>>> print(open('final01.cif').read())   # mmCIF, N, CA and C atoms
data_protein
#
loop_
_atom_site.label_atom_id
_atom_site.label_comp_id
_atom_site.auth_asym_id
_atom_site.auth_seq_id
_atom_site.Cartn_x
_atom_site.Cartn_y
_atom_site.Cartn_z
N MET A 948 13.00 44.39 -38.17
CA MET A 948 12.40 45.06 -37.04
C MET A 948 13.39 45.03 -35.87
N ALA A 949 13.37 46.09 -35.07
CA ALA A 949 14.37 46.18 -34.01
C ALA A 949 13.90 47.07 -32.86
N VAL A 950 14.60 46.90 -31.73
CA VAL A 950 14.46 47.77 -30.57
C VAL A 950 15.79 48.49 -30.40
N TYR A 951 15.73 49.76 -30.02
CA TYR A 951 16.93 50.59 -29.91
C TYR A 951 16.99 51.25 -28.54
N VAL A 952 18.20 51.46 -28.04
CA VAL A 952 18.42 52.26 -26.83
C VAL A 952 19.46 53.32 -27.16
N ASP A 953 19.16 54.58 -26.83
CA ASP A 953 20.10 55.64 -27.17
C ASP A 953 21.09 55.89 -26.04
N ASP A 954 21.95 56.86 -26.26
CA ASP A 954 23.03 57.15 -25.30
C ASP A 954 22.81 58.44 -24.51
N MET A 955 21.55 58.80 -24.31
CA MET A 955 21.25 60.03 -23.58
C MET A 955 21.87 60.00 -22.18
N HIS A 956 22.04 58.81 -21.61
CA HIS A 956 22.60 58.68 -20.26
C HIS A 956 24.02 59.25 -20.15
N LEU A 957 24.68 59.44 -21.27
CA LEU A 957 26.04 59.99 -21.27
C LEU A 957 26.06 61.52 -21.23
N SER A 958 24.89 62.13 -21.40
CA SER A 958 24.80 63.59 -21.43
C SER A 958 24.11 64.12 -20.17
N GLU A 959 24.17 65.42 -19.98
CA GLU A 959 23.46 66.04 -18.85
C GLU A 959 21.95 65.86 -18.98
N MET A 960 21.45 65.78 -20.22
CA MET A 960 20.01 65.55 -20.43
C MET A 960 19.57 64.23 -19.82
N GLY A 961 20.50 63.30 -19.68
CA GLY A 961 20.19 61.98 -19.17
C GLY A 961 20.11 61.90 -17.66
N ARG A 962 20.37 62.99 -16.96
CA ARG A 962 20.29 62.99 -15.50
C ARG A 962 18.85 63.18 -15.05
N PHE A 963 18.42 62.31 -14.16
CA PHE A 963 17.09 62.43 -13.55
C PHE A 963 17.28 62.08 -12.09
N GLY A 964 17.54 63.08 -11.28
CA GLY A 964 17.89 62.85 -9.88
C GLY A 964 19.14 62.00 -9.82
N PRO A 965 19.11 60.91 -9.07
CA PRO A 965 20.30 60.06 -8.96
C PRO A 965 20.46 59.10 -10.15
N TYR A 966 19.50 59.10 -11.06
CA TYR A 966 19.50 58.15 -12.16
C TYR A 966 20.09 58.74 -13.43
N ARG A 967 20.61 57.84 -14.27
CA ARG A 967 21.03 58.15 -15.63
C ARG A 967 20.03 57.44 -16.53
N MET A 968 19.40 58.19 -17.40
CA MET A 968 18.30 57.66 -18.21
C MET A 968 18.64 57.71 -19.70
N CYS A 969 17.92 56.88 -20.45
CA CYS A 969 18.02 56.91 -21.91
C CYS A 969 16.64 56.58 -22.48
N HIS A 970 16.54 56.63 -23.79
CA HIS A 970 15.30 56.31 -24.47
C HIS A 970 15.38 54.91 -25.06
N MET A 971 14.28 54.20 -24.99
CA MET A 971 14.15 52.92 -25.69
C MET A 971 13.01 53.07 -26.69
N LEU A 972 13.28 52.82 -27.94
CA LEU A 972 12.28 52.92 -28.98
C LEU A 972 12.38 51.68 -29.86
N ALA A 973 11.41 51.49 -30.73
CA ALA A 973 11.40 50.28 -31.56
C ALA A 973 10.72 50.57 -32.88
N ASP A 974 10.88 49.63 -33.79
CA ASP A 974 10.26 49.76 -35.11
C ASP A 974 8.75 49.53 -35.05
N SER A 975 8.27 48.90 -33.97
CA SER A 975 6.83 48.70 -33.82
C SER A 975 6.47 48.76 -32.33
N THR A 976 5.23 49.11 -32.07
CA THR A 976 4.74 49.14 -30.70
C THR A 976 4.84 47.75 -30.06
N GLU A 977 4.52 46.72 -30.83
CA GLU A 977 4.57 45.36 -30.31
C GLU A 977 5.97 45.00 -29.82
N GLU A 978 6.98 45.35 -30.62
CA GLU A 978 8.36 45.07 -30.22
C GLU A 978 8.76 45.87 -28.99
N LEU A 979 8.34 47.12 -28.95
CA LEU A 979 8.66 47.98 -27.82
C LEU A 979 8.07 47.42 -26.53
N LEU A 980 6.80 47.02 -26.58
CA LEU A 980 6.14 46.49 -25.39
C LEU A 980 6.71 45.12 -25.00
N ALA A 981 7.08 44.31 -25.98
CA ALA A 981 7.68 43.01 -25.67
C ALA A 981 9.01 43.20 -24.93
N MET A 982 9.82 44.16 -25.39
CA MET A 982 11.09 44.41 -24.70
C MET A 982 10.83 45.01 -23.32
N ALA A 983 9.84 45.87 -23.21
CA ALA A 983 9.48 46.44 -21.91
C ALA A 983 9.16 45.31 -20.93
N ASP A 984 8.41 44.33 -21.39
CA ASP A 984 8.09 43.18 -20.54
C ASP A 984 9.36 42.45 -20.11
N ARG A 985 10.27 42.25 -21.04
CA ARG A 985 11.49 41.49 -20.76
C ARG A 985 12.38 42.18 -19.73
N ILE A 986 12.36 43.52 -19.72
CA ILE A 986 13.25 44.25 -18.80
C ILE A 986 12.52 44.81 -17.58
N GLY A 987 11.24 44.45 -17.44
CA GLY A 987 10.50 44.84 -16.23
C GLY A 987 9.93 46.24 -16.23
N MET A 988 9.59 46.76 -17.40
CA MET A 988 8.97 48.08 -17.48
C MET A 988 7.46 47.91 -17.62
N ASP A 989 6.70 48.63 -16.80
CA ASP A 989 5.24 48.59 -16.88
C ASP A 989 4.79 49.33 -18.14
N HIS A 990 3.84 48.77 -18.84
CA HIS A 990 3.34 49.39 -20.08
C HIS A 990 2.80 50.80 -19.83
N LYS A 991 2.32 51.07 -18.62
CA LYS A 991 1.76 52.40 -18.36
C LYS A 991 2.84 53.49 -18.38
N TRP A 992 4.11 53.11 -18.36
CA TRP A 992 5.21 54.07 -18.38
C TRP A 992 5.62 54.48 -19.79
N ILE A 993 4.94 53.97 -20.80
CA ILE A 993 5.27 54.34 -22.18
C ILE A 993 5.05 55.84 -22.36
N GLN A 994 5.90 56.46 -23.12
CA GLN A 994 5.81 57.89 -23.39
C GLN A 994 5.28 58.12 -24.81
N LYS A 995 4.35 59.02 -24.96
CA LYS A 995 3.80 59.43 -26.26
C LYS A 995 3.30 58.25 -27.09
N ALA A 996 2.57 57.37 -26.43
CA ALA A 996 2.06 56.15 -27.07
C ALA A 996 1.27 56.48 -28.34
N GLY A 997 1.49 55.66 -29.36
CA GLY A 997 0.75 55.81 -30.60
C GLY A 997 1.21 56.91 -31.52
N THR A 998 2.29 57.60 -31.15
CA THR A 998 2.81 58.67 -32.00
C THR A 998 4.18 58.27 -32.56
N ILE A 999 4.71 59.08 -33.43
CA ILE A 999 6.05 58.81 -33.98
C ILE A 999 7.12 58.94 -32.91
N HIS A 1000 6.78 59.54 -31.78
CA HIS A 1000 7.73 59.76 -30.68
C HIS A 1000 7.61 58.69 -29.58
N GLU A 1001 6.86 57.64 -29.82
CA GLU A 1001 6.62 56.60 -28.83
C GLU A 1001 7.93 55.99 -28.33
N HIS A 1002 8.07 55.93 -26.99
CA HIS A 1002 9.30 55.40 -26.40
C HIS A 1002 9.10 55.16 -24.90
N PHE A 1003 10.09 54.54 -24.30
CA PHE A 1003 10.18 54.45 -22.84
C PHE A 1003 11.42 55.21 -22.41
N ASP A 1004 11.36 55.89 -21.29
CA ASP A 1004 12.54 56.42 -20.62
C ASP A 1004 12.99 55.32 -19.66
N ILE A 1005 14.22 54.86 -19.82
CA ILE A 1005 14.68 53.74 -18.99
C ILE A 1005 16.01 54.07 -18.32
N PRO A 1006 16.21 53.57 -17.10
CA PRO A 1006 17.49 53.78 -16.41
C PRO A 1006 18.57 52.87 -17.00
N VAL A 1007 19.81 53.23 -16.73
CA VAL A 1007 20.95 52.52 -17.31
C VAL A 1007 20.93 51.02 -17.03
N HIS A 1008 20.53 50.62 -15.82
CA HIS A 1008 20.55 49.17 -15.55
C HIS A 1008 19.56 48.42 -16.43
N ARG A 1009 18.44 49.05 -16.76
CA ARG A 1009 17.49 48.40 -17.67
C ARG A 1009 17.98 48.50 -19.12
N ARG A 1010 18.73 49.54 -19.44
CA ARG A 1010 19.35 49.64 -20.76
C ARG A 1010 20.29 48.45 -20.98
N ARG A 1011 21.09 48.14 -19.98
CA ARG A 1011 22.02 47.00 -20.08
C ARG A 1011 21.23 45.70 -20.32
N MET A 1012 20.11 45.56 -19.62
CA MET A 1012 19.27 44.36 -19.80
C MET A 1012 18.73 44.32 -21.23
N ALA A 1013 18.25 45.45 -21.73
CA ALA A 1013 17.70 45.50 -23.09
C ALA A 1013 18.76 45.10 -24.12
N VAL A 1014 19.98 45.59 -23.94
CA VAL A 1014 21.06 45.22 -24.86
C VAL A 1014 21.32 43.72 -24.80
N LEU A 1015 21.31 43.15 -23.60
CA LEU A 1015 21.49 41.70 -23.46
C LEU A 1015 20.40 40.93 -24.19
N PHE A 1016 19.20 41.50 -24.26
CA PHE A 1016 18.08 40.86 -24.95
C PHE A 1016 18.00 41.24 -26.42
N GLY A 1017 19.02 41.97 -26.93
CA GLY A 1017 19.08 42.23 -28.37
C GLY A 1017 18.83 43.65 -28.82
N ALA A 1018 18.58 44.59 -27.91
CA ALA A 1018 18.40 45.98 -28.33
C ALA A 1018 19.69 46.51 -28.96
N ILE A 1019 19.53 47.37 -29.91
CA ILE A 1019 20.66 47.95 -30.64
C ILE A 1019 21.01 49.30 -30.00
N GLU A 1020 22.28 49.47 -29.67
CA GLU A 1020 22.75 50.73 -29.09
C GLU A 1020 22.93 51.76 -30.19
N ILE A 1021 22.33 52.94 -29.98
CA ILE A 1021 22.42 54.02 -30.95
C ILE A 1021 22.70 55.34 -30.22
N SER A 1022 23.07 56.34 -30.99
CA SER A 1022 23.27 57.67 -30.42
C SER A 1022 21.94 58.42 -30.37
N MET A 1023 21.93 59.52 -29.63
CA MET A 1023 20.73 60.37 -29.61
C MET A 1023 20.44 60.90 -31.00
N ALA A 1024 21.49 61.20 -31.75
CA ALA A 1024 21.31 61.69 -33.13
C ALA A 1024 20.64 60.62 -33.99
N GLU A 1025 21.05 59.38 -33.82
CA GLU A 1025 20.43 58.30 -34.57
C GLU A 1025 18.97 58.12 -34.17
N ALA A 1026 18.66 58.29 -32.90
CA ALA A 1026 17.27 58.22 -32.45
C ALA A 1026 16.46 59.32 -33.13
N GLY A 1027 17.04 60.49 -33.23
CA GLY A 1027 16.37 61.60 -33.91
C GLY A 1027 16.11 61.28 -35.38
N ARG A 1028 17.06 60.62 -36.02
CA ARG A 1028 16.88 60.24 -37.43
C ARG A 1028 15.76 59.21 -37.59
N ILE A 1029 15.64 58.31 -36.62
CA ILE A 1029 14.56 57.32 -36.67
C ILE A 1029 13.20 58.03 -36.59
N VAL A 1030 13.08 58.97 -35.66
CA VAL A 1030 11.83 59.72 -35.52
C VAL A 1030 11.55 60.53 -36.78
N HIS A 1031 12.59 61.14 -37.35
CA HIS A 1031 12.43 61.92 -38.59
C HIS A 1031 11.93 61.01 -39.72
N ALA A 1032 12.50 59.81 -39.84
CA ALA A 1032 12.07 58.87 -40.87
C ALA A 1032 10.61 58.46 -40.66
N ARG A 1033 10.22 58.29 -39.40
CA ARG A 1033 8.81 57.97 -39.11
C ARG A 1033 7.90 59.10 -39.57
N ARG A 1034 8.33 60.32 -39.30
CA ARG A 1034 7.53 61.49 -39.69
C ARG A 1034 7.36 61.52 -41.20
N LYS A 1035 8.45 61.32 -41.93
CA LYS A 1035 8.39 61.34 -43.40
C LYS A 1035 7.48 60.23 -43.91
N ALA A 1036 7.59 59.04 -43.32
CA ALA A 1036 6.75 57.91 -43.75
C ALA A 1036 5.28 58.22 -43.49
N ARG A 1037 4.99 58.79 -42.33
CA ARG A 1037 3.60 59.11 -42.00
C ARG A 1037 3.06 60.20 -42.93
N GLU A 1038 3.89 61.20 -43.20
CA GLU A 1038 3.46 62.26 -44.13
C GLU A 1038 3.19 61.70 -45.51
N GLY A 1039 4.01 60.72 -45.91
CA GLY A 1039 3.82 60.08 -47.22
C GLY A 1039 2.51 59.32 -47.30
N ARG A 1040 2.00 58.89 -46.15
CA ARG A 1040 0.70 58.19 -46.10
C ARG A 1040 -0.44 59.15 -45.81
N GLY A 1041 -0.12 60.44 -45.70
CA GLY A 1041 -1.15 61.44 -45.44
C GLY A 1041 -1.54 61.60 -44.00
N GLY A 1042 -0.70 61.05 -43.09
CA GLY A 1042 -1.00 61.12 -41.66
C GLY A 1042 -0.29 62.27 -40.98
N ARG A 1043 -0.52 62.39 -39.68
CA ARG A 1043 0.11 63.45 -38.88
C ARG A 1043 0.66 62.84 -37.60
N GLY A 1044 1.66 63.59 -37.00
CA GLY A 1044 2.17 63.40 -35.67
C GLY A 1044 2.67 62.12 -35.26
#
>>> encode(input="final01.cif", output="structure tokens")
Amino acid sequence: MAVYVDDMHLSEMGRFGPYRMCHMLADSTEELLAMADRIGMDHKWIQKAGTIHEHFDIPVHRRRMAVLFGAIEISMAEAGRIVHARRKAREGRGGRG
């Protein structure tokens, strides 16, 4: 099980006003929320909770903190592959979204 942070902050998509943002996702909701607690993210800021797209949008300074606490740095493409694998797994169980 793991928590991941992507490299969206390196692209134009990662610009949000003066901030550079990225996605933080995990293999489980519990891991995602535990890391959110460690880096000071409020649980109410979770995006698409309970879906295969569940994640937090986090600024670069919190990304650095997550990496210090063990998050794995990945590319945006790798994040997409994780979501794709979740979709396939859910479809295999007869679920959706």
>>> residues_around(input="final01.cif", residues="Tyr951 of chain A", least_positions_apart="2", cutoff="6 Å", atoms="all atoms listed in the file", output="compact mmCIF listing (two decimals) with N, CA and C atoms, keeping the file's coordinate frame")
# COMPACT_ATOMS: atom_id res chain seq x y z
N ALA A 949 13.37 46.09 -35.07
CA ALA A 949 14.37 46.18 -34.01
C ALA A 949 13.90 47.07 -32.86
N ASP A 953 19.16 54.58 -26.83
CA ASP A 953 20.10 55.64 -27.17
C ASP A 953 21.09 55.89 -26.04
N HIS A 970 16.54 56.63 -23.79
CA HIS A 970 15.30 56.31 -24.47
C HIS A 970 15.38 54.91 -25.06
N MET A 971 14.28 54.20 -24.99
CA MET A 971 14.15 52.92 -25.69
C MET A 971 13.01 53.07 -26.69
N LEU A 972 13.28 52.82 -27.94
CA LEU A 972 12.28 52.92 -28.98
C LEU A 972 12.38 51.68 -29.86
N ALA A 973 11.41 51.49 -30.73
CA ALA A 973 11.40 50.28 -31.56
C ALA A 973 10.72 50.57 -32.88
N ALA A 1018 18.58 44.59 -27.91
CA ALA A 1018 18.40 45.98 -28.33
C ALA A 1018 19.69 46.51 -28.96
N ILE A 1019 19.53 47.37 -29.91
CA ILE A 1019 20.66 47.95 -30.64
C ILE A 1019 21.01 49.30 -30.00
N GLU A 1020 22.28 49.47 -29.67
CA GLU A 1020 22.75 50.73 -29.09
C GLU A 1020 22.93 51.76 -30.19
N ILE A 1021 22.33 52.94 -29.98
CA ILE A 1021 22.42 54.02 -30.95
C ILE A 1021 22.70 55.34 -30.22
>>> closest_residue(input="final01.cif", among="A:Val952, A:Met988, A:Met968, A:Ile999", to="Arg1037 of chain A", atoms="only C-alpha atoms")
A:Ile999
>>> resolve_selection(input="final01.cif", expression="the PyMOL selection byres ((chain A and resi 1006) around 6.5)", output="list of chain:residue names")
A:Tyr966, A:Arg967, A:Met968, A:Cys969, A:Asp1004, A:Ile1005, A:Val1007, A:His1008, A:Arg1009, A:Arg1010, A:Arg1011
>>> select_by_dssp(input="final01.cif", residues="chain A", states="alpha helix (DSSP H)", output="ChimeraX atom specification")
/A:976-986,1007-1015,1023-1039
>>> atom_distance(input="final01.cif", atom1="atom CA of Trp992 of chain A", atom2="atom CA of Gly964 of chain A")
17.6 Å
>>> atom_distance(input="final01.cif", atom1="atom CA of Arg1028 of chain A", atom2="atom CA of Met982 of chain A")
21.1 Å
>>> atom_distance(input="final01.cif", atom1="atom CA of Leu957 of chain A", atom2="atom C of Ser1022 of chain A")
10.1 Å
>>> residues_near_point(input="final01.cif", point="(2.5, 51.6, -26.5)", cutoff="6 Å", atoms="only C-alpha atoms", output="number ranges by chain")
A: 976, 993, 996
>>> write_last_selection(input="final01.cif", atoms="N, CA and C atoms", output="PDB file, keeping the file's coordinate frame")
ATOM      1  N   THR A 976       5.230  49.110 -32.070  1.00  0.00           N
ATOM      2  CA  THR A 976       4.740  49.140 -30.700  1.00  0.00           C
ATOM      3  C   THR A 976       4.840  47.750 -30.060  1.00  0.00           C
ATOM      4  N   ILE A 993       4.940  53.970 -20.800  1.00  0.00           N
ATOM      5  CA  ILE A 993       5.270  54.340 -22.180  1.00  0.00           C
ATOM      6  C   ILE A 993       5.050  55.840 -22.360  1.00  0.00           C
ATOM      7  N   ALA A 996       2.570  57.370 -26.430  1.00  0.00           N
ATOM      8  CA  ALA A 996       2.060  56.150 -27.070  1.00  0.00           C
ATOM      9  C   ALA A 996       1.270  56.480 -28.340  1.00  0.00           C
TER      10      ALA A 996
END
>>> resolve_selection(input="final01.cif", expression="the PyMOL selection byres ((chain A and resi 1000) around 8)", output="list of chain:residue names")
A:Leu972, A:Gln994, A:Lys995, A:Ala996, A:Gly997, A:Thr998, A:Ile999, A:Glu1001, A:His1002, A:Phe1003, A:Val1030, A:Arg1033, A:Arg1034, A:Gly1044
>>> residues_around(input="final01.cif", residues="Gly1017 of chain A", least_positions_apart="3", cutoff="6 Å", atoms="only N, CA and C atoms", output="compact mmCIF listing (two decimals) with N, CA and C atoms, in the coordinates of the input")
# COMPACT_ATOMS: atom_id res chain seq x y z
N VAL A 950 14.60 46.90 -31.73
CA VAL A 950 14.46 47.77 -30.57
C VAL A 950 15.79 48.49 -30.40
N ALA A 1013 18.25 45.45 -21.73
CA ALA A 1013 17.70 45.50 -23.09
C ALA A 1013 18.76 45.10 -24.12
N VAL A 1014 19.98 45.59 -23.94
CA VAL A 1014 21.06 45.22 -24.86
C VAL A 1014 21.32 43.72 -24.80
>>> closest_residue(input="final01.cif", among="A:Gly1041, A:Ala983, A:Asp974, A:Gly961", to="Ile1029 of chain A", atoms="only C-alpha atoms")
A:Asp974
>>> select_by_dssp(input="final01.cif", residues="chain A", states="strand (DSSP E or B)", output="compact mmCIF listing (two decimals) with N, CA and C atoms, in the frame of the given file")
# COMPACT_ATOMS: atom_id res chain seq x y z
N VAL A 950 14.60 46.90 -31.73
CA VAL A 950 14.46 47.77 -30.57
C VAL A 950 15.79 48.49 -30.40
N TYR A 951 15.73 49.76 -30.02
CA TYR A 951 16.93 50.59 -29.91
C TYR A 951 16.99 51.25 -28.54
N VAL A 952 18.20 51.46 -28.04
CA VAL A 952 18.42 52.26 -26.83
C VAL A 952 19.46 53.32 -27.16
N ARG A 962 20.37 62.99 -16.96
CA ARG A 962 20.29 62.99 -15.50
C ARG A 962 18.85 63.18 -15.05
N PHE A 963 18.42 62.31 -14.16
CA PHE A 963 17.09 62.43 -13.55
C PHE A 963 17.28 62.08 -12.09
N TYR A 966 19.50 59.10 -11.06
CA TYR A 966 19.50 58.15 -12.16
C TYR A 966 20.09 58.74 -13.43
N ARG A 967 20.61 57.84 -14.27
CA ARG A 967 21.03 58.15 -15.63
C ARG A 967 20.03 57.44 -16.53
N MET A 968 19.40 58.19 -17.40
CA MET A 968 18.30 57.66 -18.21
C MET A 968 18.64 57.71 -19.70
N CYS A 969 17.92 56.88 -20.45
CA CYS A 969 18.02 56.91 -21.91
C CYS A 969 16.64 56.58 -22.48
N HIS A 970 16.54 56.63 -23.79
CA HIS A 970 15.30 56.31 -24.47
C HIS A 970 15.38 54.91 -25.06
N MET A 971 14.28 54.20 -24.99
CA MET A 971 14.15 52.92 -25.69
C MET A 971 13.01 53.07 -26.69
N LEU A 972 13.28 52.82 -27.94
CA LEU A 972 12.28 52.92 -28.98
C LEU A 972 12.38 51.68 -29.86
N ALA A 973 11.41 51.49 -30.73
CA ALA A 973 11.40 50.28 -31.56
C ALA A 973 10.72 50.57 -32.88
N GLN A 994 5.90 56.46 -23.12
CA GLN A 994 5.81 57.89 -23.39
C GLN A 994 5.28 58.12 -24.81
N HIS A 1002 8.07 55.93 -26.99
CA HIS A 1002 9.30 55.40 -26.40
C HIS A 1002 9.10 55.16 -24.90
N PHE A 1003 10.09 54.54 -24.30
CA PHE A 1003 10.18 54.45 -22.84
C PHE A 1003 11.42 55.21 -22.41
N ASP A 1004 11.36 55.89 -21.29
CA ASP A 1004 12.54 56.42 -20.62
C ASP A 1004 12.99 55.32 -19.66
N ILE A 1005 14.22 54.86 -19.82
CA ILE A 1005 14.68 53.74 -18.99
C ILE A 1005 16.01 54.07 -18.32
N PRO A 1006 16.21 53.57 -17.10
CA PRO A 1006 17.49 53.78 -16.41
C PRO A 1006 18.57 52.87 -17.00
N ILE A 1019 19.53 47.37 -29.91
CA ILE A 1019 20.66 47.95 -30.64
C ILE A 1019 21.01 49.30 -30.00
N GLU A 1020 22.28 49.47 -29.67
CA GLU A 1020 22.75 50.73 -29.09
C GLU A 1020 22.93 51.76 -30.19
